[in-house]
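This is final-v9.cif (mmCIF, C-alpha atoms).
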data_coords
loop_
_atom_site.label_atom_id
_atom_site.label_comp_id
_atom_site.auth_asym_id
_atom_site.auth_seq_id
_atom_site.Cartn_x
_atom_site.Cartn_y
_atom_site.Cartn_z
CA LYS P 88 169.10 38.38 -87.03
CA GLU P 89 166.98 36.60 -89.43
CA ASP P 90 166.36 34.00 -86.84
CA VAL P 91 165.36 36.67 -84.37
CA SER P 92 163.14 38.34 -86.88
CA GLY P 93 161.57 35.00 -87.74
CA LEU P 94 161.12 34.34 -84.07
CA LYS P 95 159.59 37.76 -83.59
CA GLU P 96 157.18 36.99 -86.36
CA ASP P 97 156.44 33.66 -84.76
CA VAL P 98 155.96 35.37 -81.41
CA SER P 99 153.77 37.97 -83.07
CA GLY P 100 151.78 35.20 -84.77
CA LEU P 101 151.57 33.33 -81.52
CA LYS P 102 150.40 36.51 -79.78
CA GLU P 103 147.67 36.82 -82.39
CA ASP P 104 146.83 33.17 -81.90
CA VAL P 105 146.75 33.67 -78.12
CA SER P 106 144.64 36.78 -78.59
CA GLY P 107 142.26 34.77 -80.81
CA LEU P 108 142.25 31.96 -78.28
CA LYS P 109 141.54 34.48 -75.51
CA GLU P 110 138.58 35.76 -77.54
CA ASP P 111 137.46 32.18 -78.09
CA VAL P 112 137.83 31.47 -74.34
CA LEU P 113 135.85 34.64 -73.54
CA SER P 114 133.19 33.60 -76.02
CA LEU P 115 133.13 30.10 -74.55
CA LYS P 116 132.92 31.58 -71.03
CA GLN P 117 129.98 33.71 -72.15
CA GLN P 118 128.34 30.67 -73.70
CA GLN P 119 129.11 28.72 -70.52
CA ASP P 120 127.49 31.48 -68.40
CA ILE P 121 124.45 31.45 -70.68
CA MET P 122 124.28 27.65 -70.46
CA GLN P 123 124.67 27.77 -66.68
CA GLU P 124 121.79 30.28 -66.51
CA GLU P 125 119.74 28.00 -68.71
CA ILE P 126 120.66 25.04 -66.50
CA LYS P 127 119.66 27.06 -63.40
CA GLY P 128 116.35 27.86 -65.11
CA LEU P 129 115.88 24.20 -66.00
CA ARG P 130 116.75 23.17 -62.45
CA ALA P 131 114.24 25.72 -61.12
CA ASP P 132 111.69 24.28 -63.55
CA VAL P 133 112.53 20.77 -62.32
CA ASP P 134 112.20 21.95 -58.71
CA ARG P 135 108.80 23.52 -59.51
CA LEU P 136 107.78 20.32 -61.30
CA ASP P 137 108.95 18.29 -58.29
CA VAL P 138 106.87 20.50 -55.99
CA ARG P 139 103.88 20.21 -58.34
CA LEU P 140 104.44 16.44 -58.63
CA THR P 141 104.56 16.15 -54.84
CA SER P 142 101.37 18.21 -54.63
CA LEU P 143 99.72 16.03 -57.28
CA GLU P 144 100.88 12.89 -55.50
CA GLY P 145 99.28 14.27 -52.30
CA GLU P 146 96.07 15.00 -54.19
CA VAL P 147 96.12 11.51 -55.72
CA ALA P 148 96.63 10.04 -52.24
CA GLU P 149 93.67 12.08 -50.96
CA ILE P 150 91.56 10.95 -53.92
CA LYS P 151 92.56 7.33 -53.30
CA ASN P 152 91.63 7.78 -49.63
CA ASP P 153 88.30 9.33 -50.65
CA VAL P 154 87.69 6.44 -53.05
CA SER P 155 88.49 3.97 -50.29
CA VAL P 156 86.11 5.77 -47.92
CA LEU P 157 83.43 5.79 -50.62
CA LYS P 158 83.98 2.07 -51.28
CA ASN P 159 83.56 1.37 -47.57
CA GLU P 160 80.43 3.52 -47.42
CA MET P 161 79.08 1.82 -50.55
CA SER P 162 79.74 -1.55 -48.97
CA GLU P 163 77.89 -0.43 -45.84
CA VAL P 164 75.01 0.85 -47.96
CA LYS P 165 74.88 -2.49 -49.82
CA THR P 166 74.82 -4.29 -46.47
CA ASP P 167 72.07 -1.96 -45.24
CA ILE P 168 70.09 -2.57 -48.43
CA SER P 169 70.47 -6.32 -47.95
CA VAL P 170 69.28 -6.02 -44.35
CA LEU P 171 66.36 -3.84 -45.48
CA LYS P 172 65.43 -6.38 -48.17
CA THR P 173 65.43 -9.13 -45.55
CA GLU P 174 63.35 -6.99 -43.19
CA MET P 175 60.97 -6.12 -46.03
CA SER P 176 60.55 -9.80 -46.79
CA GLU P 177 59.83 -10.44 -43.13
CA VAL P 178 57.34 -7.55 -43.07
CA LYS P 179 55.61 -8.98 -46.16
CA THR P 180 55.39 -12.35 -44.41
CA ASP P 181 54.03 -10.64 -41.28
CA ILE P 182 51.47 -8.77 -43.39
CA SER P 183 50.40 -12.03 -45.02
CA VAL P 184 50.03 -13.65 -41.59
CA LEU P 185 48.09 -10.61 -40.33
CA LYS P 186 45.80 -10.74 -43.38
CA THR P 187 45.10 -14.42 -42.67
CA GLU P 188 44.47 -13.67 -39.00
CA MET P 189 42.27 -10.70 -39.93
CA SER P 190 40.25 -12.94 -42.25
CA GLU P 191 39.83 -15.41 -39.38
CA VAL P 192 38.81 -12.57 -37.05
CA LYS P 193 36.26 -11.37 -39.62
CA THR P 194 34.89 -14.89 -39.83
CA ASP P 195 34.75 -15.07 -36.02
CA ILE P 196 33.00 -11.67 -35.89
CA SER P 197 30.49 -12.83 -38.48
CA VAL P 198 29.81 -15.97 -36.42
CA LEU P 199 29.52 -13.85 -33.26
CA LYS P 200 27.09 -11.47 -34.99
CA THR P 201 24.96 -14.41 -36.02
CA GLU P 202 25.07 -15.86 -32.50
CA MET P 203 24.35 -12.41 -31.02
CA SER P 204 21.35 -12.04 -33.33
CA GLU P 205 20.14 -15.47 -32.23
CA LEU P 206 20.69 -14.51 -28.57
CA ARG P 207 18.73 -11.29 -29.07
CA ASN P 208 15.91 -13.29 -30.54
CA GLU P 209 16.08 -15.71 -27.61
CA VAL P 210 16.18 -12.81 -25.11
CA ALA P 211 13.18 -11.24 -26.83
CA ASP P 212 11.37 -14.60 -26.63
CA ILE P 213 12.37 -14.95 -22.96
CA LYS P 214 11.09 -11.41 -22.24
CA GLU P 215 7.84 -12.22 -23.93
CA ASP P 216 7.57 -15.53 -22.03
CA THR P 217 8.47 -13.73 -18.79
CA GLU P 218 5.77 -11.14 -19.32
CA ILE P 219 3.25 -13.88 -20.05
CA THR P 220 4.41 -15.86 -17.01
CA ARG P 221 4.39 -12.76 -14.80
CA ALA P 222 0.89 -11.87 -15.95
CA ALA P 223 -0.30 -15.44 -15.36
CA CYS P 224 1.32 -15.52 -11.89
CA ASN P 225 -0.24 -12.21 -10.95
CA GLU P 226 -3.59 -13.44 -12.17
CA LEU P 227 -3.23 -16.64 -10.14
CA VAL P 228 -2.28 -14.60 -7.07
CA GLU P 229 -5.35 -12.45 -7.55
CA TRP P 230 -7.57 -15.55 -7.89
CA ALA P 231 -6.01 -17.02 -4.81
CA GLU P 232 -6.65 -13.85 -2.85
CA LYS P 233 -10.22 -13.76 -4.09
CA ALA P 234 -10.79 -17.38 -3.31
CA SER P 235 -9.43 -16.87 0.17
CA VAL P 236 -7.41 -20.00 -0.06
CA VAL P 237 -4.54 -20.40 2.37
CA ILE P 238 -1.36 -21.34 0.65
CA ASN P 239 1.72 -22.26 2.68
CA VAL P 240 4.13 -20.92 0.02
CA PRO P 241 4.66 -17.22 0.37
CA PHE P 242 3.54 -15.29 -2.66
CA LEU P 243 5.89 -13.04 -4.41
CA ARG P 244 4.23 -10.31 -6.30
CA VAL P 245 6.19 -9.38 -9.40
CA ALA P 246 5.78 -5.90 -10.72
CA ASN P 247 4.64 -5.44 -14.30
CA GLY P 248 7.07 -4.05 -16.68
#
Re-express the file's structure as structure tokens.
Amino acid sequence: KEDVSGLKEDVSGLKEDVSGLKEDVLSLKQQQDIMQEEIKGLRADVDRLDVRLTSLEGEVAEIKNDVSVLKNEMSEVKTDISVLKTEMSEVKTDISVLKTEMSEVKTDISVLKTEMSELRNEVADIKEDTEITRAACNELVEWAEKASVVINVPFLRVANG
């Protein structure tokens, strides 16, 4: 009986140990559940971070694309500026040529004005000579008519004025 009683005590002790182990298992299960919830939360956080990272990567790709477009546009603007500088240089050369030609034209105009002034003087002299000649011719015609001289050359009477 002592053996049975000792065994009963052992069984009773083992039952207590099992009961304690059951409590420990329940506690561990509760801790496991809490940890699993925390892991789920962390996984959700990781998923949100992955989504945000993907979004940021998309934004970075867009920014890189925009930068590339801007670089291309800047390159085109630089090319346009270079072309404009070349054209401006050509325009400056053309202006210089035009200034030289304008100076030559001014010189030509000055020469023409001088020649025109001389021609006006000559025309005025010719008019004066013509009036004198016309008056002399008319006077000779009048003398010839008065002298009743026959002249074989027809007379042309020139009007005064």
Interatomic distance, atom CA of P:Lys179 to atom CA of P:Val164 (Å, one decimal):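 So the answer is 21.8 Å.
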Just to confirm, what's the straight-line distance from atom CA of P:Glu144 to atom CA of P:Glu163 in Å (one decimal)? 28.3 Å
Work out how far atom CA of P:Val170 is from atom CA of P:Ser155, in Å to one decimal.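 Going from atom CA of P:Ser155 over to atom CA of P:Val170 covers 22.5 Å.
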Because the input lacks atoms here, generate N, CA and C atoms for stretch 146-174 of chain P and report them as a PDB file, in the coordinates of the input.
ATOM      1  N   GLU P 146      97.464  14.968 -53.745  1.00  0.00           N
ATOM      2  CA  GLU P 146      96.070  15.000 -54.190  1.00  0.00           C
ATOM      3  C   GLU P 146      95.596  13.612 -54.606  1.00  0.00           C
ATOM      4  N   VAL P 147      96.469  12.878 -55.306  1.00  0.00           N
ATOM      5  CA  VAL P 147      96.120  11.510 -55.720  1.00  0.00           C
ATOM      6  C   VAL P 147      95.918  10.638 -54.487  1.00  0.00           C
ATOM      7  N   ALA P 148      96.783  10.817 -53.480  1.00  0.00           N
ATOM      8  CA  ALA P 148      96.630  10.040 -52.240  1.00  0.00           C
ATOM      9  C   ALA P 148      95.306  10.376 -51.565  1.00  0.00           C
ATOM     10  N   GLU P 149      94.950  11.678 -51.546  1.00  0.00           N
ATOM     11  CA  GLU P 149      93.670  12.080 -50.960  1.00  0.00           C
ATOM     12  C   GLU P 149      92.505  11.477 -51.746  1.00  0.00           C
ATOM     13  N   ILE P 150      92.621  11.522 -53.075  1.00  0.00           N
ATOM     14  CA  ILE P 150      91.560  10.950 -53.920  1.00  0.00           C
ATOM     15  C   ILE P 150      91.448   9.452 -53.673  1.00  0.00           C
ATOM     16  N   LYS P 151      92.586   8.771 -53.575  1.00  0.00           N
ATOM     17  CA  LYS P 151      92.560   7.330 -53.300  1.00  0.00           C
ATOM     18  C   LYS P 151      91.909   7.071 -51.939  1.00  0.00           C
ATOM     19  N   ASN P 152      92.237   7.912 -50.957  1.00  0.00           N
ATOM     20  CA  ASN P 152      91.630   7.780 -49.630  1.00  0.00           C
ATOM     21  C   ASN P 152      90.127   8.001 -49.724  1.00  0.00           C
ATOM     22  N   ASP P 153      89.724   9.055 -50.467  1.00  0.00           N
ATOM     23  CA  ASP P 153      88.300   9.330 -50.650  1.00  0.00           C
ATOM     24  C   ASP P 153      87.600   8.165 -51.332  1.00  0.00           C
ATOM     25  N   VAL P 154      88.258   7.596 -52.342  1.00  0.00           N
ATOM     26  CA  VAL P 154      87.690   6.440 -53.050  1.00  0.00           C
ATOM     27  C   VAL P 154      87.545   5.269 -52.094  1.00  0.00           C
ATOM     28  N   SER P 155      88.553   5.066 -51.264  1.00  0.00           N
ATOM     29  CA  SER P 155      88.490   3.970 -50.290  1.00  0.00           C
ATOM     30  C   SER P 155      87.343   4.185 -49.317  1.00  0.00           C
ATOM     31  N   VAL P 156      87.209   5.443 -48.838  1.00  0.00           N
ATOM     32  CA  VAL P 156      86.110   5.770 -47.920  1.00  0.00           C
ATOM     33  C   VAL P 156      84.778   5.524 -48.613  1.00  0.00           C
ATOM     34  N   LEU P 157      84.672   5.987 -49.866  1.00  0.00           N
ATOM     35  CA  LEU P 157      83.430   5.790 -50.620  1.00  0.00           C
ATOM     36  C   LEU P 157      83.135   4.307 -50.844  1.00  0.00           C
ATOM     37  N   LYS P 158      84.172   3.524 -51.110  1.00  0.00           N
ATOM     38  CA  LYS P 158      83.980   2.070 -51.280  1.00  0.00           C
ATOM     39  C   LYS P 158      83.450   1.468 -49.989  1.00  0.00           C
ATOM     40  N   ASN P 159      84.030   1.886 -48.865  1.00  0.00           N
ATOM     41  CA  ASN P 159      83.560   1.370 -47.570  1.00  0.00           C
ATOM     42  C   ASN P 159      82.111   1.779 -47.333  1.00  0.00           C
ATOM     43  N   GLU P 160      81.804   3.054 -47.613  1.00  0.00           N
ATOM     44  CA  GLU P 160      80.430   3.520 -47.420  1.00  0.00           C
ATOM     45  C   GLU P 160      79.480   2.785 -48.354  1.00  0.00           C
ATOM     46  N   MET P 161      79.915   2.534 -49.591  1.00  0.00           N
ATOM     47  CA  MET P 161      79.080   1.820 -50.550  1.00  0.00           C
ATOM     48  C   MET P 161      78.846   0.387 -50.057  1.00  0.00           C
ATOM     49  N   SER P 162      79.882  -0.199 -49.513  1.00  0.00           N
ATOM     50  CA  SER P 162      79.740  -1.550 -48.970  1.00  0.00           C
ATOM     51  C   SER P 162      78.743  -1.562 -47.818  1.00  0.00           C
ATOM     52  N   GLU P 163      78.839  -0.535 -46.949  1.00  0.00           N
ATOM     53  CA  GLU P 163      77.890  -0.430 -45.840  1.00  0.00           C
ATOM     54  C   GLU P 163      76.474  -0.228 -46.351  1.00  0.00           C
ATOM     55  N   VAL P 164      76.330   0.603 -47.394  1.00  0.00           N
ATOM     56  CA  VAL P 164      75.010   0.850 -47.960  1.00  0.00           C
ATOM     57  C   VAL P 164      74.460  -0.455 -48.560  1.00  0.00           C
ATOM     58  N   LYS P 165      75.320  -1.205 -49.252  1.00  0.00           N
ATOM     59  CA  LYS P 165      74.880  -2.490 -49.820  1.00  0.00           C
ATOM     60  C   LYS P 165      74.433  -3.437 -48.702  1.00  0.00           C
ATOM     61  N   THR P 166      75.197  -3.452 -47.605  1.00  0.00           N
ATOM     62  CA  THR P 166      74.820  -4.290 -46.470  1.00  0.00           C
ATOM     63  C   THR P 166      73.487  -3.827 -45.900  1.00  0.00           C
ATOM     64  N   ASP P 167      73.332  -2.504 -45.747  1.00  0.00           N
ATOM     65  CA  ASP P 167      72.070  -1.960 -45.240  1.00  0.00           C
ATOM     66  C   ASP P 167      70.908  -2.307 -46.157  1.00  0.00           C
ATOM     67  N   ILE P 168      71.139  -2.228 -47.466  1.00  0.00           N
ATOM     68  CA  ILE P 168      70.090  -2.570 -48.430  1.00  0.00           C
ATOM     69  C   ILE P 168      69.728  -4.040 -48.293  1.00  0.00           C
ATOM     70  N   SER P 169      70.734  -4.894 -48.126  1.00  0.00           N
ATOM     71  CA  SER P 169      70.470  -6.320 -47.950  1.00  0.00           C
ATOM     72  C   SER P 169      69.647  -6.573 -46.699  1.00  0.00           C
ATOM     73  N   VAL P 170      70.025  -5.886 -45.613  1.00  0.00           N
ATOM     74  CA  VAL P 170      69.280  -6.020 -44.350  1.00  0.00           C
ATOM     75  C   VAL P 170      67.841  -5.534 -44.552  1.00  0.00           C
ATOM     76  N   LEU P 171      67.690  -4.384 -45.235  1.00  0.00           N
ATOM     77  CA  LEU P 171      66.360  -3.840 -45.480  1.00  0.00           C
ATOM     78  C   LEU P 171      65.523  -4.795 -46.339  1.00  0.00           C
ATOM     79  N   LYS P 172      66.151  -5.416 -47.324  1.00  0.00           N
ATOM     80  CA  LYS P 172      65.430  -6.380 -48.170  1.00  0.00           C
ATOM     81  C   LYS P 172      64.941  -7.554 -47.325  1.00  0.00           C
ATOM     82  N   THR P 173      65.817  -8.025 -46.435  1.00  0.00           N
ATOM     83  CA  THR P 173      65.430  -9.130 -45.550  1.00  0.00           C
ATOM     84  C   THR P 173      64.282  -8.696 -44.653  1.00  0.00           C
ATOM     85  N   GLU P 174      64.408  -7.497 -44.065  1.00  0.00           N
ATOM     86  CA  GLU P 174      63.350  -6.990 -43.190  1.00  0.00           C
ATOM     87  C   GLU P 174      62.055  -6.799 -43.966  1.00  0.00           C
TER      88      GLU P 174
END
